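Engineer: Enclosed is the structure file target_35.cif (mmCIF, C-alpha atoms).
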data_data
#
loop_
_atom_site.label_atom_id
_atom_site.label_comp_id
_atom_site.auth_asym_id
_atom_site.auth_seq_id
_atom_site.Cartn_x
_atom_site.Cartn_y
_atom_site.Cartn_z
CA MET A 1 -37.79 66.28 92.27
CA LEU A 2 -35.55 69.29 92.06
CA ILE A 3 -32.59 69.46 94.38
CA ALA A 4 -31.06 72.90 94.85
CA ASN A 5 -27.53 72.84 96.22
CA TYR A 6 -26.32 75.98 97.90
CA GLY A 7 -22.73 76.18 98.96
CA TYR A 8 -19.25 75.42 97.78
CA LYS A 9 -16.24 73.20 97.99
CA ASP A 10 -12.83 74.61 98.66
CA GLY A 11 -9.44 73.41 99.86
CA SER A 12 -10.73 72.95 103.41
CA GLY A 13 -13.81 70.87 102.66
CA GLU A 14 -17.39 70.86 101.38
CA TYR A 15 -20.12 73.10 102.70
CA PHE A 16 -23.61 72.67 101.30
CA ILE A 17 -27.23 73.20 102.23
CA THR A 18 -29.49 71.29 99.87
CA LEU A 19 -33.20 71.73 99.39
CA ASP A 20 -35.72 69.45 97.75
CA THR A 21 -37.81 72.20 96.14
CA ASP A 22 -40.72 69.86 95.47
CA LYS A 23 -41.07 69.10 99.17
CA CYS A 24 -40.56 72.69 100.32
CA ASP A 25 -43.82 74.62 100.65
CA GLY A 26 -42.20 77.93 101.59
CA CYS A 27 -43.64 77.90 105.14
CA GLY A 28 -40.57 79.69 106.51
CA LYS A 29 -40.19 77.71 109.76
CA CYS A 30 -36.52 77.12 108.95
CA VAL A 31 -35.99 80.85 108.52
CA GLU A 32 -37.40 81.55 111.99
CA VAL A 33 -35.14 79.07 113.77
CA CYS A 34 -31.87 79.98 112.02
CA PRO A 35 -29.80 81.98 114.53
CA ALA A 36 -27.49 83.35 111.84
CA SER A 37 -30.21 84.53 109.41
CA VAL A 38 -28.74 82.38 106.65
CA LEU A 39 -32.10 81.42 105.17
CA GLU A 40 -34.93 83.34 103.55
CA VAL A 41 -38.19 82.66 101.75
CA ILE A 42 -38.00 83.55 98.07
CA PRO A 43 -40.25 83.18 95.01
CA ASN A 44 -39.75 79.80 93.34
CA GLU A 45 -38.12 80.83 90.08
CA PHE A 46 -37.23 77.27 89.13
CA ASP A 47 -40.72 76.61 87.95
CA ILE A 48 -43.30 78.50 86.00
CA GLU A 49 -45.82 77.86 88.77
CA ASP A 50 -46.04 80.60 91.36
CA GLY A 51 -45.09 79.84 94.94
CA ASN A 52 -42.37 80.34 97.50
CA ILE A 53 -39.45 78.22 98.62
CA MET A 54 -36.56 78.45 101.04
CA GLY A 55 -33.39 80.05 99.75
CA VAL A 56 -29.93 80.69 101.14
CA ARG A 57 -29.12 84.39 101.34
CA ASP A 58 -26.55 85.59 98.83
CA GLU A 59 -24.21 86.95 101.47
CA HIS A 60 -24.02 83.54 103.19
CA ARG A 61 -23.64 81.29 100.15
CA HIS A 62 -19.90 81.74 100.09
CA LYS A 63 -19.26 81.34 103.78
CA LEU A 64 -21.52 78.54 105.01
CA LYS A 65 -18.51 77.00 106.72
CA TYR A 66 -18.56 79.91 109.15
CA SER A 67 -22.24 80.91 109.10
CA CYS A 68 -23.46 77.41 109.98
CA ALA A 69 -20.62 76.38 112.28
CA PRO A 70 -22.38 77.35 115.56
CA CYS A 71 -25.20 74.85 114.84
CA LYS A 72 -22.80 72.00 114.03
CA PRO A 73 -21.37 70.48 117.20
CA THR A 74 -18.03 68.72 116.76
CA THR A 75 -19.30 65.56 118.42
CA GLY A 76 -22.60 63.75 118.37
CA ASP A 77 -25.19 63.33 115.69
CA ILE A 78 -27.26 66.45 116.18
CA GLU A 79 -29.18 67.94 113.28
CA PRO A 80 -29.17 71.73 112.99
CA PRO A 81 -32.42 73.56 113.84
CA CYS A 82 -33.33 74.35 110.22
CA VAL A 83 -33.33 70.64 109.38
CA THR A 84 -35.43 69.61 112.39
CA ALA A 85 -37.85 72.53 111.97
CA CYS A 86 -38.73 71.42 108.45
CA LEU A 87 -41.87 69.28 108.69
CA SER A 88 -41.59 68.12 105.09
CA GLN A 89 -37.93 67.10 105.50
CA ALA A 90 -36.85 69.13 102.54
CA ILE A 91 -33.52 70.40 103.94
CA THR A 92 -30.23 68.55 104.18
CA HIS A 93 -27.09 69.98 105.70
CA PHE A 94 -23.70 68.90 104.56
CA LEU A 95 -20.64 70.44 106.14
CA SER A 96 -17.46 68.48 106.23
CA SER A 97 -13.77 69.23 106.38
CA ALA A 98 -11.41 67.86 103.75
CA LYS A 99 -10.23 65.10 106.11
CA GLY A 100 -13.73 63.70 106.20
CA GLN A 101 -14.38 64.83 109.73
CA VAL A 102 -17.91 66.17 110.10
CA LEU A 103 -17.86 69.67 111.52
CA MET B 1 -1.00 102.57 69.26
CA ALA B 2 -4.36 101.59 70.64
CA LYS B 3 -4.24 98.58 72.91
CA LYS B 4 -5.60 95.51 71.19
CA GLU B 5 -8.46 93.88 73.04
CA PHE B 6 -7.68 90.19 72.88
CA TRP B 7 -10.60 89.23 75.10
CA ARG B 8 -13.18 90.70 72.70
CA TRP B 9 -15.48 88.07 71.25
CA PRO B 10 -17.84 88.84 68.33
CA GLU B 11 -21.32 90.21 68.93
CA TYR B 12 -23.89 89.25 66.32
CA ARG B 13 -27.54 89.01 65.36
CA HIS B 14 -29.26 86.46 63.14
CA THR B 15 -32.66 85.87 61.56
CA VAL B 16 -33.69 82.34 60.60
CA GLU B 17 -34.84 82.11 56.97
CA GLY B 18 -38.23 80.72 56.06
CA ILE B 19 -40.22 81.70 59.12
CA ASP B 20 -42.99 84.25 58.71
CA PRO B 21 -43.81 85.82 62.07
CA GLN B 22 -47.05 87.31 60.66
CA ASN B 23 -48.49 83.79 60.32
CA GLY B 24 -47.37 82.70 63.78
CA LYS B 25 -49.90 82.20 66.56
CA VAL B 26 -47.52 82.83 69.46
CA ILE B 27 -44.46 85.08 69.37
CA SER B 28 -42.45 84.61 72.55
CA GLY B 29 -39.23 86.20 73.73
CA GLY B 30 -36.43 85.08 76.02
CA VAL B 31 -33.90 87.59 77.33
CA ASP B 32 -30.86 86.32 79.19
CA ILE B 33 -28.87 89.10 80.85
CA GLY B 34 -25.66 87.44 81.96
CA SER B 35 -22.82 89.05 83.81
CA VAL B 36 -20.72 89.23 80.63
CA SER B 37 -23.08 88.75 77.68
CA SER B 38 -26.73 89.56 76.95
CA LYS B 39 -28.76 87.29 74.72
CA THR B 40 -32.23 87.53 73.17
CA VAL B 41 -34.15 84.82 71.37
CA ILE B 42 -37.44 85.48 69.59
CA MET B 43 -39.53 82.38 68.90
CA VAL B 44 -42.47 81.96 66.55
CA ASP B 45 -44.67 79.05 67.66
CA GLY B 46 -41.78 77.48 69.54
CA GLU B 47 -39.19 77.74 66.75
CA VAL B 48 -36.19 80.07 66.92
CA PHE B 49 -36.82 83.02 64.61
CA ALA B 50 -34.34 85.75 65.57
CA GLN B 51 -31.48 86.06 68.01
CA SER B 52 -28.81 88.45 69.19
CA VAL B 53 -25.73 88.12 71.38
CA MET B 54 -23.92 91.15 72.75
CA ARG B 55 -21.84 92.36 75.62
CA THR B 56 -23.63 93.32 78.86
CA GLY B 57 -23.19 96.96 79.79
CA SER B 58 -23.18 98.49 83.24
CA SER B 59 -26.98 98.68 83.39
CA SER B 60 -29.21 95.60 83.07
CA PRO B 61 -32.29 97.48 81.74
CA ASP B 62 -30.19 99.15 79.01
CA SER B 63 -28.52 95.89 78.04
CA ALA B 64 -31.90 94.17 77.89
CA GLU B 65 -33.31 96.86 75.62
CA ARG B 66 -30.27 96.87 73.34
CA THR B 67 -30.15 93.12 72.86
CA MET B 68 -33.93 92.92 72.32
CA ASN B 69 -33.91 95.78 69.78
CA TRP B 70 -30.99 94.26 67.93
CA ALA B 71 -32.68 90.86 67.71
CA LEU B 72 -35.80 92.53 66.28
CA GLU B 73 -33.88 94.67 63.77
CA ASP B 74 -35.26 94.31 60.22
CA THR B 75 -37.51 91.40 61.20
CA GLY B 76 -40.76 93.36 60.86
CA VAL B 77 -41.57 92.41 64.45
CA THR B 78 -41.71 95.02 67.21
CA LEU B 79 -41.65 94.57 70.97
CA LYS B 80 -45.43 95.18 71.02
CA ASP B 81 -45.98 92.14 68.76
CA ILE B 82 -44.36 89.80 71.24
CA HIS B 83 -46.99 88.07 73.34
CA TYR B 84 -44.86 87.18 76.32
CA VAL B 85 -41.27 87.84 77.43
CA VAL B 86 -39.43 85.89 80.12
CA GLY B 87 -36.22 87.26 81.60
CA THR B 88 -33.41 85.13 82.94
CA GLY B 89 -29.79 85.35 83.99
CA TYR B 90 -27.98 87.42 86.54
CA GLY B 91 -29.89 90.61 85.60
CA ARG B 92 -33.32 88.96 85.18
CA VAL B 93 -35.16 91.08 87.75
CA ASN B 94 -34.12 94.30 85.98
CA ILE B 95 -35.68 93.72 82.58
CA PRO B 96 -38.43 96.35 82.22
CA PHE B 97 -40.39 94.61 79.45
CA ALA B 98 -40.27 91.04 80.82
CA GLN B 99 -43.51 89.70 82.32
CA LYS B 100 -41.76 87.10 84.45
CA ALA B 101 -38.30 86.16 85.72
CA ILE B 102 -37.14 82.54 85.82
CA THR B 103 -33.75 81.44 87.05
CA GLU B 104 -31.08 80.70 84.45
CA ILE B 105 -30.73 77.22 85.90
CA ALA B 106 -34.24 76.23 84.85
CA CYS B 107 -33.83 78.05 81.51
CA HIS B 108 -30.51 76.41 80.63
CA GLY B 109 -31.94 72.98 81.43
CA ARG B 110 -35.02 73.59 79.30
CA GLY B 111 -33.06 75.27 76.51
CA ALA B 112 -30.40 72.57 76.29
CA SER B 113 -33.06 69.86 76.19
CA PHE B 114 -34.78 71.68 73.31
CA MET B 115 -31.60 72.44 71.35
CA TRP B 116 -29.88 69.08 71.63
CA GLY B 117 -32.88 66.84 72.20
CA PRO B 118 -34.63 65.06 75.09
CA SER B 119 -31.73 62.62 75.56
CA VAL B 120 -29.78 65.38 77.35
CA ARG B 121 -29.36 64.53 81.06
CA THR B 122 -26.42 66.64 82.17
CA VAL B 123 -25.82 70.29 81.32
CA LEU B 124 -22.66 72.14 82.21
CA ASP B 125 -23.22 75.86 81.87
CA MET B 126 -19.95 77.74 81.80
CA GLY B 127 -20.99 81.35 82.05
CA GLY B 128 -19.26 84.66 82.35
CA GLN B 129 -18.93 84.73 86.10
CA ASP B 130 -20.20 81.43 87.36
CA CYS B 131 -20.37 77.82 86.40
CA LYS B 132 -23.28 75.45 86.92
CA ALA B 133 -23.73 71.72 86.74
CA ILE B 134 -27.38 70.85 86.03
CA ARG B 135 -29.13 67.48 85.82
CA VAL B 136 -32.35 67.39 83.81
CA ASP B 137 -35.01 64.82 83.01
CA GLU B 138 -36.38 63.99 79.54
CA ARG B 139 -38.62 67.07 79.60
CA GLY B 140 -35.71 69.36 80.37
CA LYS B 141 -36.92 69.87 83.93
CA VAL B 142 -34.11 70.47 86.41
CA GLN B 143 -33.59 67.70 88.94
CA ASN B 144 -30.39 68.69 90.63
CA PHE B 145 -28.01 71.57 90.22
CA LEU B 146 -24.92 73.06 91.69
CA MET B 147 -23.58 76.52 91.08
CA ASN B 148 -20.06 77.74 91.63
CA ASP B 149 -20.16 81.49 91.94
CA LYS B 150 -17.61 81.68 94.70
CA CYS B 151 -14.83 82.73 92.35
CA ALA B 152 -13.98 83.36 88.71
CA ALA B 153 -12.26 79.99 88.23
CA GLY B 154 -13.78 78.05 85.36
CA THR B 155 -15.59 81.05 83.91
CA GLY B 156 -15.58 83.14 80.78
CA ARG B 157 -14.24 86.16 82.57
CA GLY B 158 -11.25 84.14 83.78
CA MET B 159 -10.58 83.08 80.19
CA GLU B 160 -10.84 86.68 78.99
CA VAL B 161 -8.26 87.76 81.53
CA PHE B 162 -5.94 85.01 80.34
CA ALA B 163 -6.37 85.82 76.66
CA ASP B 164 -5.44 89.41 77.40
CA LEU B 165 -2.48 88.48 79.56
CA LEU B 166 -1.01 86.29 76.81
CA SER B 167 -2.08 88.59 73.93
CA VAL B 168 -3.90 85.72 72.23
CA PRO B 169 -7.30 86.49 70.61
CA ILE B 170 -9.88 84.65 72.71
CA GLN B 171 -11.26 82.67 69.76
CA GLU B 172 -7.82 81.19 69.12
CA VAL B 173 -7.23 80.04 72.69
CA GLY B 174 -8.75 76.59 72.15
CA ASP B 175 -6.77 75.68 69.03
CA ARG B 176 -3.52 77.12 70.33
CA SER B 177 -3.84 75.17 73.58
CA PHE B 178 -3.45 72.01 71.45
CA ALA B 179 -0.43 73.32 69.52
CA VAL B 180 1.91 71.79 72.08
CA LYS B 181 4.21 68.79 71.70
CA GLU B 182 2.94 67.24 74.89
CA GLU B 183 0.30 68.29 77.37
CA PRO B 184 2.01 70.23 80.16
CA GLN B 185 1.08 69.84 83.79
CA ALA B 186 -1.97 71.92 84.75
CA VAL B 187 -1.30 75.19 86.53
CA SER B 188 -1.75 74.51 90.21
CA SER B 189 -4.26 77.27 90.77
CA THR B 190 -7.42 78.05 88.82
CA CYS B 191 -7.89 81.24 90.82
CA VAL B 192 -7.60 83.95 88.17
CA VAL B 193 -5.34 86.10 90.31
CA PHE B 194 -2.94 83.34 91.31
CA ALA B 195 -3.03 81.56 87.95
CA LYS B 196 -2.15 84.83 86.31
CA SER B 197 0.98 85.29 88.39
CA GLU B 198 1.81 81.61 87.93
CA ALA B 199 1.50 82.04 84.15
CA VAL B 200 3.82 85.05 84.16
CA GLY B 201 6.37 82.94 86.03
CA LEU B 202 6.04 80.08 83.53
CA LEU B 203 6.50 82.43 80.58
CA ARG B 204 9.63 83.82 82.18
CA SER B 205 11.03 80.34 82.72
CA GLY B 206 10.74 79.69 78.99
CA TRP B 207 7.29 78.13 78.46
CA SER B 208 5.59 79.07 75.18
CA LYS B 209 2.24 80.85 75.21
CA ASP B 210 0.60 77.72 73.83
CA GLU B 211 1.95 75.63 76.67
CA VAL B 212 0.70 78.12 79.26
CA LEU B 213 -2.73 78.12 77.60
CA ALA B 214 -2.78 74.33 77.64
CA ALA B 215 -1.87 74.30 81.32
CA TYR B 216 -4.59 76.81 82.14
CA CYS B 217 -7.28 75.09 80.06
CA GLN B 218 -6.46 71.84 81.79
CA ALA B 219 -6.72 73.38 85.24
CA MET B 220 -10.08 74.93 84.33
CA ALA B 221 -11.38 71.64 82.94
CA HIS B 222 -10.32 69.82 86.08
CA ARG B 223 -12.09 72.35 88.23
CA VAL B 224 -15.45 72.03 86.46
CA VAL B 225 -15.25 68.23 86.37
CA ASP B 226 -15.05 68.39 90.13
CA LEU B 227 -18.29 70.36 90.13
CA LEU B 228 -19.96 67.93 87.70
CA ASN B 229 -19.03 64.92 89.78
CA ARG B 230 -20.97 66.29 92.70
CA VAL B 231 -24.28 66.24 90.80
CA GLY B 232 -23.27 63.10 88.88
CA VAL B 233 -22.77 62.90 85.13
CA GLU B 234 -25.14 60.91 82.98
CA LYS B 235 -25.30 60.78 79.18
CA GLU B 236 -26.12 62.73 77.09
CA PHE B 237 -23.91 65.53 78.23
CA VAL B 238 -23.77 69.07 76.79
CA ILE B 239 -21.87 72.25 77.57
CA THR B 240 -23.61 75.63 77.30
CA GLY B 241 -22.38 79.19 77.75
CA GLY B 242 -19.55 81.03 76.06
CA ILE B 243 -16.82 78.62 77.13
CA ALA B 244 -18.59 75.85 75.21
CA LYS B 245 -17.10 77.49 72.10
CA ASN B 246 -13.59 76.96 73.43
CA ILE B 247 -12.46 73.61 72.13
CA GLY B 248 -9.47 73.66 74.48
CA ILE B 249 -11.83 73.35 77.44
CA VAL B 250 -14.49 71.13 75.83
CA LYS B 251 -12.03 68.43 74.75
CA ARG B 252 -10.25 68.41 78.08
CA VAL B 253 -13.52 68.15 80.02
CA GLU B 254 -14.58 65.27 77.74
CA LYS B 255 -11.28 63.53 78.28
CA GLU B 256 -11.39 63.82 82.05
CA LEU B 257 -15.03 62.69 82.24
CA GLY B 258 -14.60 59.95 79.67
CA ILE B 259 -17.85 61.15 78.04
CA GLN B 260 -18.23 63.00 74.75
CA ALA B 261 -20.28 66.18 74.68
CA LEU B 262 -23.25 66.08 72.31
CA LYS B 263 -22.54 67.88 69.00
CA PRO B 264 -20.24 70.59 70.40
CA ASP B 265 -19.47 72.00 66.93
CA GLN B 266 -22.97 72.30 65.52
CA TRP B 267 -23.11 76.06 66.17
CA ARG B 268 -20.35 76.68 63.61
CA ASP B 269 -22.75 75.73 60.79
CA ASP B 270 -26.06 76.66 62.34
CA PRO B 271 -26.27 79.75 64.58
CA ARG B 272 -29.45 78.42 66.20
CA PHE B 273 -27.26 75.99 68.10
CA ASP B 274 -25.06 78.68 69.61
CA PRO B 275 -24.41 77.29 73.13
CA MET B 276 -24.49 80.84 74.51
CA LEU B 277 -28.19 80.98 73.66
CA ALA B 278 -29.40 78.03 75.74
CA GLY B 279 -30.69 80.23 78.57
CA ALA B 280 -32.55 82.61 76.25
CA VAL B 281 -34.02 79.68 74.30
CA GLY B 282 -35.30 78.13 77.53
CA ALA B 283 -36.76 81.48 78.59
CA ALA B 284 -38.56 81.90 75.24
CA LEU B 285 -40.00 78.37 75.58
CA PHE B 286 -41.28 79.14 79.09
CA ALA B 287 -42.73 82.40 77.72
CA LYS B 288 -44.72 80.47 75.13
CA VAL B 289 -46.15 78.12 77.77
CA LEU B 290 -47.00 81.01 80.09
CA TYR B 291 -48.74 82.92 77.30
CA GLU B 292 -50.79 79.93 76.23
CA ARG B 293 -51.79 79.31 79.83
CA SER B 294 -52.86 82.95 80.27
CA GLN B 295 -55.14 82.53 77.26
CA GLY B 296 -56.80 79.55 78.93
#
Take the structure in the file and give it back as structure tokens.
Structural biologist:
Amino acid sequence: MLIANYGYKDGSGEYFITLDTDKCDGCGKCVEVCPASVLEVIPNEFDIEDGNIMGVRDEHRHKLKYSCAPCKPTTGDIEPPCVTACLSQAITHFLSSAKGQVL
Amino acid sequence: MAKKEFWRWPEYRHTVEGIDPQNGKVISGGVDIGSVSSKTVIMVDGEVFAQSVMRTGSSSPDSAERTMNWALEDTGVTLKDIHYVVGTGYGRVNIPFAQKAITEIACHGRGASFMWGPSVRTVLDMGGQDCKAIRVDERGKVQNFLMNDKCAAGTGRGMEVFADLLSVPIQEVGDRSFAVKEEPQAVSSTCVVFAKSEAVGLLRSGWSKDEVLAAYCQAMAHRVVDLLNRVGVEKEFVITGGIAKNIGIVKRVEKELGIQALKPDQWRDDPRFDPMLAGAVGAALFAKVLYERSQG
């Protein structure tokens, strides 16, 4: 199992997209459903085997709080489209403000 | 008078005695082009044979060539003799002679596991412009990682800026940060820009340079411990990257975690254990595996 964490923590909270790279087969369904073009399919450089996996685009890694906000309703337990689109359940979304309130 | 460059750390090359590359079956190379330093490791049958560490220039391909040529200097080995080269680091896709690029996260995990042994579970790589917490298994395979590249806090570049600001040679920062009567409160910001102005204010209010260094080192240590706690820290724990040579950070990270780093001083006696090389060592190990696989 290799968990890749993309994102950051700052004074306002924690904003991460995590990917289980062993589960991800690089199908790209998550990329298609992301309205903000945050995700991309990239070569898996974590392993010496060839293959593709999901990645978070460089330009979004430092602003997930804003990029992913439209898919995170303030109430209710609704998963964002990238998470539900993933058949192998490789993606987890973690966005929370410093007060512990889920965004 | 020329301005003294307090940030400047020594570049060097080294050949390990007693290894004859002509008798080796596999010569593999690992080139790690970081944002601040470029490293090359040449391995003969999976043992470190030659290495070089130098500053990264403005062009990745040039830096890669310079560090590779320097590592090979007077070894009797030429680039053509190397069976497989893996590139890693920030500039890994721009290394003309590398057959494959592998992320520095995988390479640091693999390299640290090789250098300090299979008991290593947590690797903190404090690089030039980012900082990574990596969890590995007993084979050195990455299981979980987190990278902070949002800002220069907790990085080598931040330390360079501070050394220059205080006119303290960067190699002395660690020792001098302990030359204080009591540990001062950490600076409130690890942001290089804000910490810098905060430090100027502290100096003006009568703090000594040593006290300011202590306060900055402590803030930096606190910041990376935060990062480590997210992936979870398990023994054995090692620090790689240039900052691993700064005792002022290493000891403060150890203290805050309550866990000792594994042999943090070994590099002083044996250059093969230079923590800056972990990425290049991992890359050279991957190169060996990839070459052997290509031969069937």
Engineer: Using all atoms listed in the file and a distance of at most 10 Å, pull out the residues of chain A that contact chain B, as a ChimeraX atom specification.
Structural biologist: /A:1-10,16,18-22,43-49,61-63
Engineer: Write out the residues from the selection above, keeping C-alpha atoms, as a PDB file, keeping the file's coordinate frame.
Structural biologist:
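Result file is out.pdb:
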ATOM      1  CA  MET A   1     -37.790  66.280  92.270  1.00  0.00           C
ATOM      2  CA  LEU A   2     -35.550  69.290  92.060  1.00  0.00           C
ATOM      3  CA  ILE A   3     -32.590  69.460  94.380  1.00  0.00           C
ATOM      4  CA  ALA A   4     -31.060  72.900  94.850  1.00  0.00           C
ATOM      5  CA  ASN A   5     -27.530  72.840  96.220  1.00  0.00           C
ATOM      6  CA  TYR A   6     -26.320  75.980  97.900  1.00  0.00           C
ATOM      7  CA  GLY A   7     -22.730  76.180  98.960  1.00  0.00           C
ATOM      8  CA  TYR A   8     -19.250  75.420  97.780  1.00  0.00           C
ATOM      9  CA  LYS A   9     -16.240  73.200  97.990  1.00  0.00           C
ATOM     10  CA  ASP A  10     -12.830  74.610  98.660  1.00  0.00           C
ATOM     11  CA  PHE A  16     -23.610  72.670 101.300  1.00  0.00           C
ATOM     12  CA  THR A  18     -29.490  71.290  99.870  1.00  0.00           C
ATOM     13  CA  LEU A  19     -33.200  71.730  99.390  1.00  0.00           C
ATOM     14  CA  ASP A  20     -35.720  69.450  97.750  1.00  0.00           C
ATOM     15  CA  THR A  21     -37.810  72.200  96.140  1.00  0.00           C
ATOM     16  CA  ASP A  22     -40.720  69.860  95.470  1.00  0.00           C
ATOM     17  CA  PRO A  43     -40.250  83.180  95.010  1.00  0.00           C
ATOM     18  CA  ASN A  44     -39.750  79.800  93.340  1.00  0.00           C
ATOM     19  CA  GLU A  45     -38.120  80.830  90.080  1.00  0.00           C
ATOM     20  CA  PHE A  46     -37.230  77.270  89.130  1.00  0.00           C
ATOM     21  CA  ASP A  47     -40.720  76.610  87.950  1.00  0.00           C
ATOM     22  CA  ILE A  48     -43.300  78.500  86.000  1.00  0.00           C
ATOM     23  CA  GLU A  49     -45.820  77.860  88.770  1.00  0.00           C
ATOM     24  CA  ARG A  61     -23.640  81.290 100.150  1.00  0.00           C
ATOM     25  CA  HIS A  62     -19.900  81.740 100.090  1.00  0.00           C
ATOM     26  CA  LYS A  63     -19.260  81.340 103.780  1.00  0.00           C
TER      27      LYS A  63
END
Engineer: Check what the PyMOL selection byres ((chain B and resi 78) around 12) selects in the file above and give those residues as a list in words.
Structural biologist: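 So the PyMOL selection byres ((chain B and resi 78) around 12) ends up selecting Pro21, Gln22, Ile27, Ser28, Gly29, Ile42, Ala50, Met68, Asn69, Trp70, Ala71, Leu72, Glu73, Asp74, Thr75, Gly76, Val77, Leu79, Lys80, Asp81, Ile82 and His83 of chain B.
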Engineer: Would you kindly return, as a JSON list (two decimals) with C-alpha atoms, keeping the file's coordinate frame, each protein, DNA or RNA residue with an atom no farther than 10 Å from any atom of Val83 in chain A, considering all atoms listed in the file and excluding same-chain residues fewer than 5 positions away?
Structural biologist:
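Saved as around-v5.json:
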[["chain", "number", "residue", "atom", "x", "y", "z"],
["A", 17, "ILE", "CA", -27.23, 73.20, 102.23],
["A", 29, "LYS", "CA", -40.19, 77.71, 109.76],
["A", 30, "CYS", "CA", -36.52, 77.12, 108.95],
["A", 33, "VAL", "CA", -35.14, 79.07, 113.77],
["A", 34, "CYS", "CA", -31.87, 79.98, 112.02],
["A", 88, "SER", "CA", -41.59, 68.12, 105.09],
["A", 89, "GLN", "CA", -37.93, 67.10, 105.50],
["A", 90, "ALA", "CA", -36.85, 69.13, 102.54],
["A", 91, "ILE", "CA", -33.52, 70.40, 103.94],
["A", 92, "THR", "CA", -30.23, 68.55, 104.18],
["A", 93, "HIS", "CA", -27.09, 69.98, 105.70]]
Engineer: When the PyMOL selection byres ((chain B and resi 138) around 12) is applied to the file above, which residues end up in the set, as a PyMOL selection string?
Structural biologist: chain B and resi 109-110+112-114+116-122+135-137+139-143+235-236
Engineer: Name the residues in contact with range 69-72 of chain A at a cut-off of 12 Å, using all atoms listed in the file, excluding same-chain residues fewer than 4 positions from it; report them as an mmCIF file with C-alpha atoms, in the frame of the given file.
Structural biologist:
data_model
loop_
_atom_site.group_PDB
_atom_site.id
_atom_site.type_symbol
_atom_site.label_atom_id
_atom_site.label_comp_id
_atom_site.auth_asym_id
_atom_site.auth_seq_id
_atom_site.Cartn_x
_atom_site.Cartn_y
_atom_site.Cartn_z
ATOM 1 C CA TYR A 15 -20.120 73.100 102.700
ATOM 2 C CA PHE A 16 -23.610 72.670 101.300
ATOM 3 C CA VAL A 33 -35.140 79.070 113.770
ATOM 4 C CA CYS A 34 -31.870 79.980 112.020
ATOM 5 C CA PRO A 35 -29.800 81.980 114.530
ATOM 6 C CA ALA A 36 -27.490 83.350 111.840
ATOM 7 C CA VAL A 38 -28.740 82.380 106.650
ATOM 8 C CA LYS A 63 -19.260 81.340 103.780
ATOM 9 C CA LEU A 64 -21.520 78.540 105.010
ATOM 10 C CA LYS A 65 -18.510 77.000 106.720
ATOM 11 C CA GLY A 76 -22.600 63.750 118.370
ATOM 12 C CA ASP A 77 -25.190 63.330 115.690
ATOM 13 C CA ILE A 78 -27.260 66.450 116.180
ATOM 14 C CA GLU A 79 -29.180 67.940 113.280
ATOM 15 C CA PRO A 80 -29.170 71.730 112.990
ATOM 16 C CA PRO A 81 -32.420 73.560 113.840
ATOM 17 C CA CYS A 82 -33.330 74.350 110.220
ATOM 18 C CA VAL A 83 -33.330 70.640 109.380
ATOM 19 C CA THR A 84 -35.430 69.610 112.390
ATOM 20 C CA HIS A 93 -27.090 69.980 105.700
ATOM 21 C CA PHE A 94 -23.700 68.900 104.560
ATOM 22 C CA LEU A 95 -20.640 70.440 106.140
ATOM 23 C CA SER A 96 -17.460 68.480 106.230
ATOM 24 C CA SER A 97 -13.770 69.230 106.380
ATOM 25 C CA GLN A 101 -14.380 64.830 109.730
ATOM 26 C CA VAL A 102 -17.910 66.170 110.100
ATOM 27 C CA LEU A 103 -17.860 69.670 111.520
#
Engineer: Work out how far apart CA of Ser60 in chain B and CA of Val93 in chain B are and give it in Å to one decimal.
Structural biologist: 8.8 Å
Engineer: Can you translate the PyMOL selection byres ((chain B and resi 94) around 10) into the concrete residues it hits in this file, as a PyMOL selection string?
Structural biologist: chain B and resi 33+59-64+87-88+90-93+95-98+101
Engineer: Would you output that residue set with C-alpha atoms, as a short mmCIF file (atom, residue, chain, number, x, y, z; two decimals), in the coordinates of the input?
Structural biologist:
data_model
loop_
_atom_site.label_atom_id
_atom_site.label_comp_id
_atom_site.auth_asym_id
_atom_site.auth_seq_id
_atom_site.Cartn_x
_atom_site.Cartn_y
_atom_site.Cartn_z
CA ILE B 33 -28.87 89.10 80.85
CA SER B 59 -26.98 98.68 83.39
CA SER B 60 -29.21 95.60 83.07
CA PRO B 61 -32.29 97.48 81.74
CA ASP B 62 -30.19 99.15 79.01
CA SER B 63 -28.52 95.89 78.04
CA ALA B 64 -31.90 94.17 77.89
CA GLY B 87 -36.22 87.26 81.60
CA THR B 88 -33.41 85.13 82.94
CA TYR B 90 -27.98 87.42 86.54
CA GLY B 91 -29.89 90.61 85.60
CA ARG B 92 -33.32 88.96 85.18
CA VAL B 93 -35.16 91.08 87.75
CA ILE B 95 -35.68 93.72 82.58
CA PRO B 96 -38.43 96.35 82.22
CA PHE B 97 -40.39 94.61 79.45
CA ALA B 98 -40.27 91.04 80.82
CA ALA B 101 -38.30 86.16 85.72
#
